[in-house]
Amino acid sequence: MMNPTASDLCTVCNKSNARLCNRCKSTRYCSKACQQGDWLTHKLLCATFSTFNASSRPTNERFRAILFPVDDKNPKVIWLHCKWCDDGDDGRYQHPDRGALLGHDTLIKDMTIQYNPVLKRNLSDTIYVSYRDTFLVDGSKPNKSVAAITATKPGQYHDWRGSMIAYGKVGLGIDPTACKDLDMNDFRHITDFFLSYGYTPTPATQQPTGINIKGVRINCLGDRKMLSKPSFEAVEVSSTDPIFSKHDTSDIAERIGLPILTRRCPPDPRWENNEDSKMFQNESPFNNQDATFLHLCCDPTAELDFHTGTMDWAWAPQQWQNSVGSAIVVRQDKKPLSPLHVEALCKYCRYEIRPLLAHAMGEYAPEEPMRKADVLAMICRPTFVIYWYKLLDEKCKGGEDTSAPYPYDV
Ligand SMILES: [Zn+2]
Ligand SMILES: [Zn+2]
């Protein structure tokens, strides 16, 4: 017992003389009410914890930790290897080997829990929650075991992806050194952490404020080929992202009633100067045709100006033509945007609208060029909706995923 004075306190309300949970013999409750209040999340680990053999510790460098697997709704109790390391300075600290479970292909970061905001109580020791630093952009899937926890309370939550680990260290302070076993009391603090982190009780129809916004990244050739990313990728965009202060827009998206903000992304250092980028031969790895078509100008009064990069009718501005790189897109109203919405927008611009813009330029001679006003009249919600269903139909036939809300509904 790390904290003998707290040993008979109720996990939920902190009253003394609390009794142990019959099954896991780890959490204490002062009353049925406190036990029932904790049950929805407690039951996710109680049985597993009770069958975990605490006397099976393989070495004294192994500590009881909790794994939140990405693809299983049940958290697991594990022995986590926590090696003693020298910090070269004034001592030693224990370093848990999280890479073996979370993957060695990314940085692993920790969040610290020393206070429970739901119970409004300081903890006596520190809990760490580890995650893959790149989980939002490296193709990690949503974490099912964390989702099972957040499913116990309706609301919007942070989009945790990839497997995660929780482990403990003795004491508080900035940098506790020694690891410790986690128990079911700690599990309560961890579930409260997931239930409060980025939580917003507003229903999906209301606009989220101060949280991440669901946007889409249009990946350039380099990101697609070198990092195996999809062309259109769901990303979370922080409400403090520069896109909300400095951005471009799409004329066409604006005209069809789905105004968006766009910005270019800096190149990914993992391949930017990579020898392998030679495999692109004549194509630039920064090529991003979808983003280029999304920015076609349909302003009949626009005039070519090389100084500002403004291009005229049927052309994308210069910064969206060559070496574009990957791009981020969000809705101007900050409502969620899905990859299929952006794919439909880009392809609508490319296959439906670009030929019309070109027709007005006389590219279909000897046909008399369409009047620009007639072209503009065709860039509208009905023609986009028709294209939307055409695209869904094509994808359906190809066996592709077509699950996305109706673009005008969200
Ligand atoms: Zn209680
Ligand atoms: Zn229990």
# chains A, B, ... in the order shown; residues from 1 in each chain; ligands from 1
>>> closest_atom_pairs(of="chain A", to="ligand 2", cutoff="6 Å", atoms="only C-alpha atoms and all ligand atoms", output="JSON lines")
{"residue": "A:Cys21", "atom": "CA", "partner": "ligand 2", "partner_atom_place_in_ligand_line": "1 (Zn)", "distance": 4.6}
{"residue": "A:Arg23", "atom": "CA", "partner": "ligand 2", "partner_atom_place_in_ligand_line": "1 (Zn)", "distance": 5.0}
{"residue": "A:Cys24", "atom": "CA", "partner": "ligand 2", "partner_atom_place_in_ligand_line": "1 (Zn)", "distance": 4.0}
{"residue": "A:Thr27", "atom": "CA", "partner": "ligand 2", "partner_atom_place_in_ligand_line": "1 (Zn)", "distance": 5.9}
{"residue": "A:Cys46", "atom": "CA", "partner": "ligand 2", "partner_atom_place_in_ligand_line": "1 (Zn)", "distance": 4.2}
>>> residues_near_ligand(ligand="ligand 1", cutoff="12 Å", atoms="only C-alpha atoms and all ligand atoms", output="ChimeraX atom specification")
/A:8-20,27-38,119
>>> write_last_selection(atoms="C-alpha atoms", output="mmCIF file, in the first residue's frame")
data_model
loop_
_atom_site.group_PDB
_atom_site.id
_atom_site.type_symbol
_atom_site.label_atom_id
_atom_site.label_comp_id
_atom_site.auth_asym_id
_atom_site.auth_seq_id
_atom_site.Cartn_x
_atom_site.Cartn_y
_atom_site.Cartn_z
ATOM 1 C CA ASP A 8 -10.203 2.312 3.249
ATOM 2 C CA LEU A 9 -11.530 5.303 1.315
ATOM 3 C CA CYS A 10 -14.326 5.003 -1.230
ATOM 4 C CA THR A 11 -12.957 5.343 -4.772
ATOM 5 C CA VAL A 12 -15.894 7.487 -5.797
ATOM 6 C CA CYS A 13 -16.695 9.830 -2.883
ATOM 7 C CA ASN A 14 -13.655 9.438 -0.627
ATOM 8 C CA LYS A 15 -15.624 8.454 2.510
ATOM 9 C CA SER A 16 -13.820 6.094 4.888
ATOM 10 C CA ASN A 17 -14.830 2.552 5.916
ATOM 11 C CA ALA A 18 -15.465 1.623 2.301
ATOM 12 C CA ARG A 19 -15.635 -2.070 1.324
ATOM 13 C CA LEU A 20 -13.775 -3.864 -1.437
ATOM 14 C CA THR A 27 -11.716 -0.858 -5.641
ATOM 15 C CA ARG A 28 -13.540 0.254 -2.506
ATOM 16 C CA TYR A 29 -17.087 1.580 -2.258
ATOM 17 C CA CYS A 30 -18.851 3.084 0.751
ATOM 18 C CA SER A 31 -22.326 2.330 -0.585
ATOM 19 C CA LYS A 32 -24.328 0.594 -3.299
ATOM 20 C CA ALA A 33 -24.921 4.014 -4.857
ATOM 21 C CA CYS A 34 -21.190 4.656 -5.257
ATOM 22 C CA GLN A 35 -20.622 1.151 -6.623
ATOM 23 C CA GLN A 36 -23.455 1.473 -9.120
ATOM 24 C CA GLY A 37 -22.235 4.891 -10.207
ATOM 25 C CA ASP A 38 -18.873 3.376 -11.060
ATOM 26 C CA LEU A 119 -14.044 13.420 -8.655
#
>>> residues_around(residues="Ser56 of chain A", least_positions_apart="6", cutoff="12 Å", atoms="only C-alpha atoms", output="NGL selection string")
:A and (62-64 or 78-79)
>>> residues_around(residues="Ser250 of chain A", least_positions_apart="5", cutoff="9 Å", atoms="only C-alpha atoms", output="PDB file with C-alpha atoms, in the first residue's frame")
ATOM      1  CA  ARG A 255     -20.871  28.647 -55.539  1.00  0.00           C
ATOM      2  CA  PRO A 259     -17.725  27.076 -48.599  1.00  0.00           C
ATOM      3  CA  ILE A 260     -14.366  25.722 -47.469  1.00  0.00           C
ATOM      4  CA  LEU A 261     -11.021  26.998 -46.215  1.00  0.00           C
ATOM      5  CA  THR A 262      -7.818  25.494 -47.571  1.00  0.00           C
ATOM      6  CA  LEU A 294     -10.436  22.342 -56.387  1.00  0.00           C
ATOM      7  CA  HIS A 295      -9.005  25.861 -56.802  1.00  0.00           C
ATOM      8  CA  LEU A 296      -9.990  26.555 -60.417  1.00  0.00           C
ATOM      9  CA  CYS A 297     -11.012  30.151 -60.867  1.00  0.00           C
TER      10      CYS A 297
END
>>> closest_residue(among="A:Lys144, A:His95, A:Lys109, A:Lys246", to="Cys179 of chain A", atoms="only C-alpha atoms")
A:His95
>>> closest_residue(among="A:Trp160, A:Phe187, A:Phe194, A:Phe306", to="Glu236 of chain A", atoms="only C-alpha atoms")
A:Trp160
>>> atom_distance(atom1="atom CA of Ile190 of chain A", atom2="atom CA of Thr240 of chain A")
26.8 Å
>>> closest_residue(among="A:Lys229, A:Arg224, A:Arg331, A:His247", to="Phe286 of chain A", atoms="only C-alpha atoms")
A:Arg224
>>> select_by_dssp(residues="segment 194-269 of chain A", states="alpha helix (DSSP H)", output="list in words")
Phe194, Leu195, Ser196, Leu221, Gly222, Asp223, Arg224, Lys225, Met226, Leu227, Asp251, Ile252, Ala253, Glu254 and Arg255 of chain A
>>> write_last_selection(atoms="N, CA, C and O atoms", output="mmCIF file, in the first residue's frame")
data_model
loop_
_atom_site.group_PDB
_atom_site.id
_atom_site.type_symbol
_atom_site.label_atom_id
_atom_site.label_comp_id
_atom_site.auth_asym_id
_atom_site.auth_seq_id
_atom_site.Cartn_x
_atom_site.Cartn_y
_atom_site.Cartn_z
ATOM 1 N N PHE A 194 -10.422 9.767 -19.830
ATOM 2 C CA PHE A 194 -10.965 9.633 -21.189
ATOM 3 C C PHE A 194 -12.350 10.275 -21.321
ATOM 4 O O PHE A 194 -12.710 10.794 -22.366
ATOM 5 N N LEU A 195 -13.112 10.224 -20.230
ATOM 6 C CA LEU A 195 -14.469 10.783 -20.269
ATOM 7 C C LEU A 195 -14.486 12.306 -20.161
ATOM 8 O O LEU A 195 -15.510 12.938 -20.403
ATOM 9 N N SER A 196 -13.356 12.901 -19.786
ATOM 10 C CA SER A 196 -13.339 14.358 -19.661
ATOM 11 C C SER A 196 -12.427 15.039 -20.677
ATOM 12 O O SER A 196 -12.593 16.212 -20.975
ATOM 13 N N LEU A 221 1.301 13.437 -54.108
ATOM 14 C CA LEU A 221 1.880 12.186 -54.604
ATOM 15 C C LEU A 221 2.922 11.603 -53.635
ATOM 16 O O LEU A 221 2.930 10.404 -53.362
ATOM 17 N N GLY A 222 3.804 12.468 -53.110
ATOM 18 C CA GLY A 222 4.861 12.002 -52.208
ATOM 19 C C GLY A 222 4.304 11.362 -50.953
ATOM 20 O O GLY A 222 4.730 10.281 -50.552
ATOM 21 N N ASP A 223 3.330 12.003 -50.321
ATOM 22 C CA ASP A 223 2.736 11.443 -49.106
ATOM 23 C C ASP A 223 1.993 10.143 -49.414
ATOM 24 O O ASP A 223 1.972 9.220 -48.608
ATOM 25 N N ARG A 224 1.401 10.069 -50.606
ATOM 26 C CA ARG A 224 0.668 8.846 -50.961
ATOM 27 C C ARG A 224 1.629 7.694 -51.221
ATOM 28 O O ARG A 224 1.445 6.598 -50.702
ATOM 29 N N LYS A 225 2.696 7.970 -51.989
ATOM 30 C CA LYS A 225 3.608 6.887 -52.363
ATOM 31 C C LYS A 225 4.602 6.530 -51.269
ATOM 32 O O LYS A 225 4.880 5.368 -51.038
ATOM 33 N N MET A 226 5.154 7.533 -50.590
ATOM 34 C CA MET A 226 6.210 7.252 -49.619
ATOM 35 C C MET A 226 5.642 6.867 -48.257
ATOM 36 O O MET A 226 6.288 6.171 -47.495
ATOM 37 N N LEU A 227 4.458 7.352 -47.925
ATOM 38 C CA LEU A 227 3.907 7.079 -46.599
ATOM 39 C C LEU A 227 2.616 6.260 -46.672
ATOM 40 O O LEU A 227 1.931 6.086 -45.658
ATOM 41 N N ASP A 251 -13.550 28.829 -55.204
ATOM 42 C CA ASP A 251 -14.670 29.521 -55.873
ATOM 43 C C ASP A 251 -15.836 28.567 -56.114
ATOM 44 O O ASP A 251 -16.998 28.903 -55.904
ATOM 45 N N ILE A 252 -15.471 27.381 -56.594
ATOM 46 C CA ILE A 252 -16.510 26.432 -57.001
ATOM 47 C C ILE A 252 -17.286 25.931 -55.780
ATOM 48 O O ILE A 252 -18.517 25.903 -55.782
ATOM 49 N N ALA A 253 -16.563 25.572 -54.710
ATOM 50 C CA ALA A 253 -17.233 25.098 -53.489
ATOM 51 C C ALA A 253 -18.161 26.179 -52.938
ATOM 52 O O ALA A 253 -19.263 25.902 -52.473
ATOM 53 N N GLU A 254 -17.694 27.423 -53.014
ATOM 54 C CA GLU A 254 -18.493 28.557 -52.551
ATOM 55 C C GLU A 254 -19.807 28.649 -53.336
ATOM 56 O O GLU A 254 -20.887 28.810 -52.770
ATOM 57 N N ARG A 255 -19.697 28.505 -54.671
ATOM 58 C CA ARG A 255 -20.871 28.647 -55.539
ATOM 59 C C ARG A 255 -21.919 27.563 -55.306
ATOM 60 O O ARG A 255 -23.105 27.789 -55.490
#
>>> residues_around(residues="Thr200 of chain A", least_positions_apart="3", cutoff="7 Å", atoms="only C-alpha atoms", output="PyMOL selection string")
chain A and resi 155-157
>>> write_last_selection(atoms="C-alpha atoms", output="compact mmCIF listing (two decimals), in the first residue's frame")
# COMPACT_ATOMS: atom_id res chain seq x y z
CA GLY A 155 -21.14 13.33 -26.00
CA GLN A 156 -18.30 14.15 -28.32
CA TYR A 157 -14.83 12.93 -27.44
>>> residues_around(residues="Ser326 of chain A", least_positions_apart="6", cutoff="12 Å", atoms="only C-alpha atoms", output="VMD selection string")
chain A and resid 216 to 224 229 to 233 262 to 268 285 to 292 320
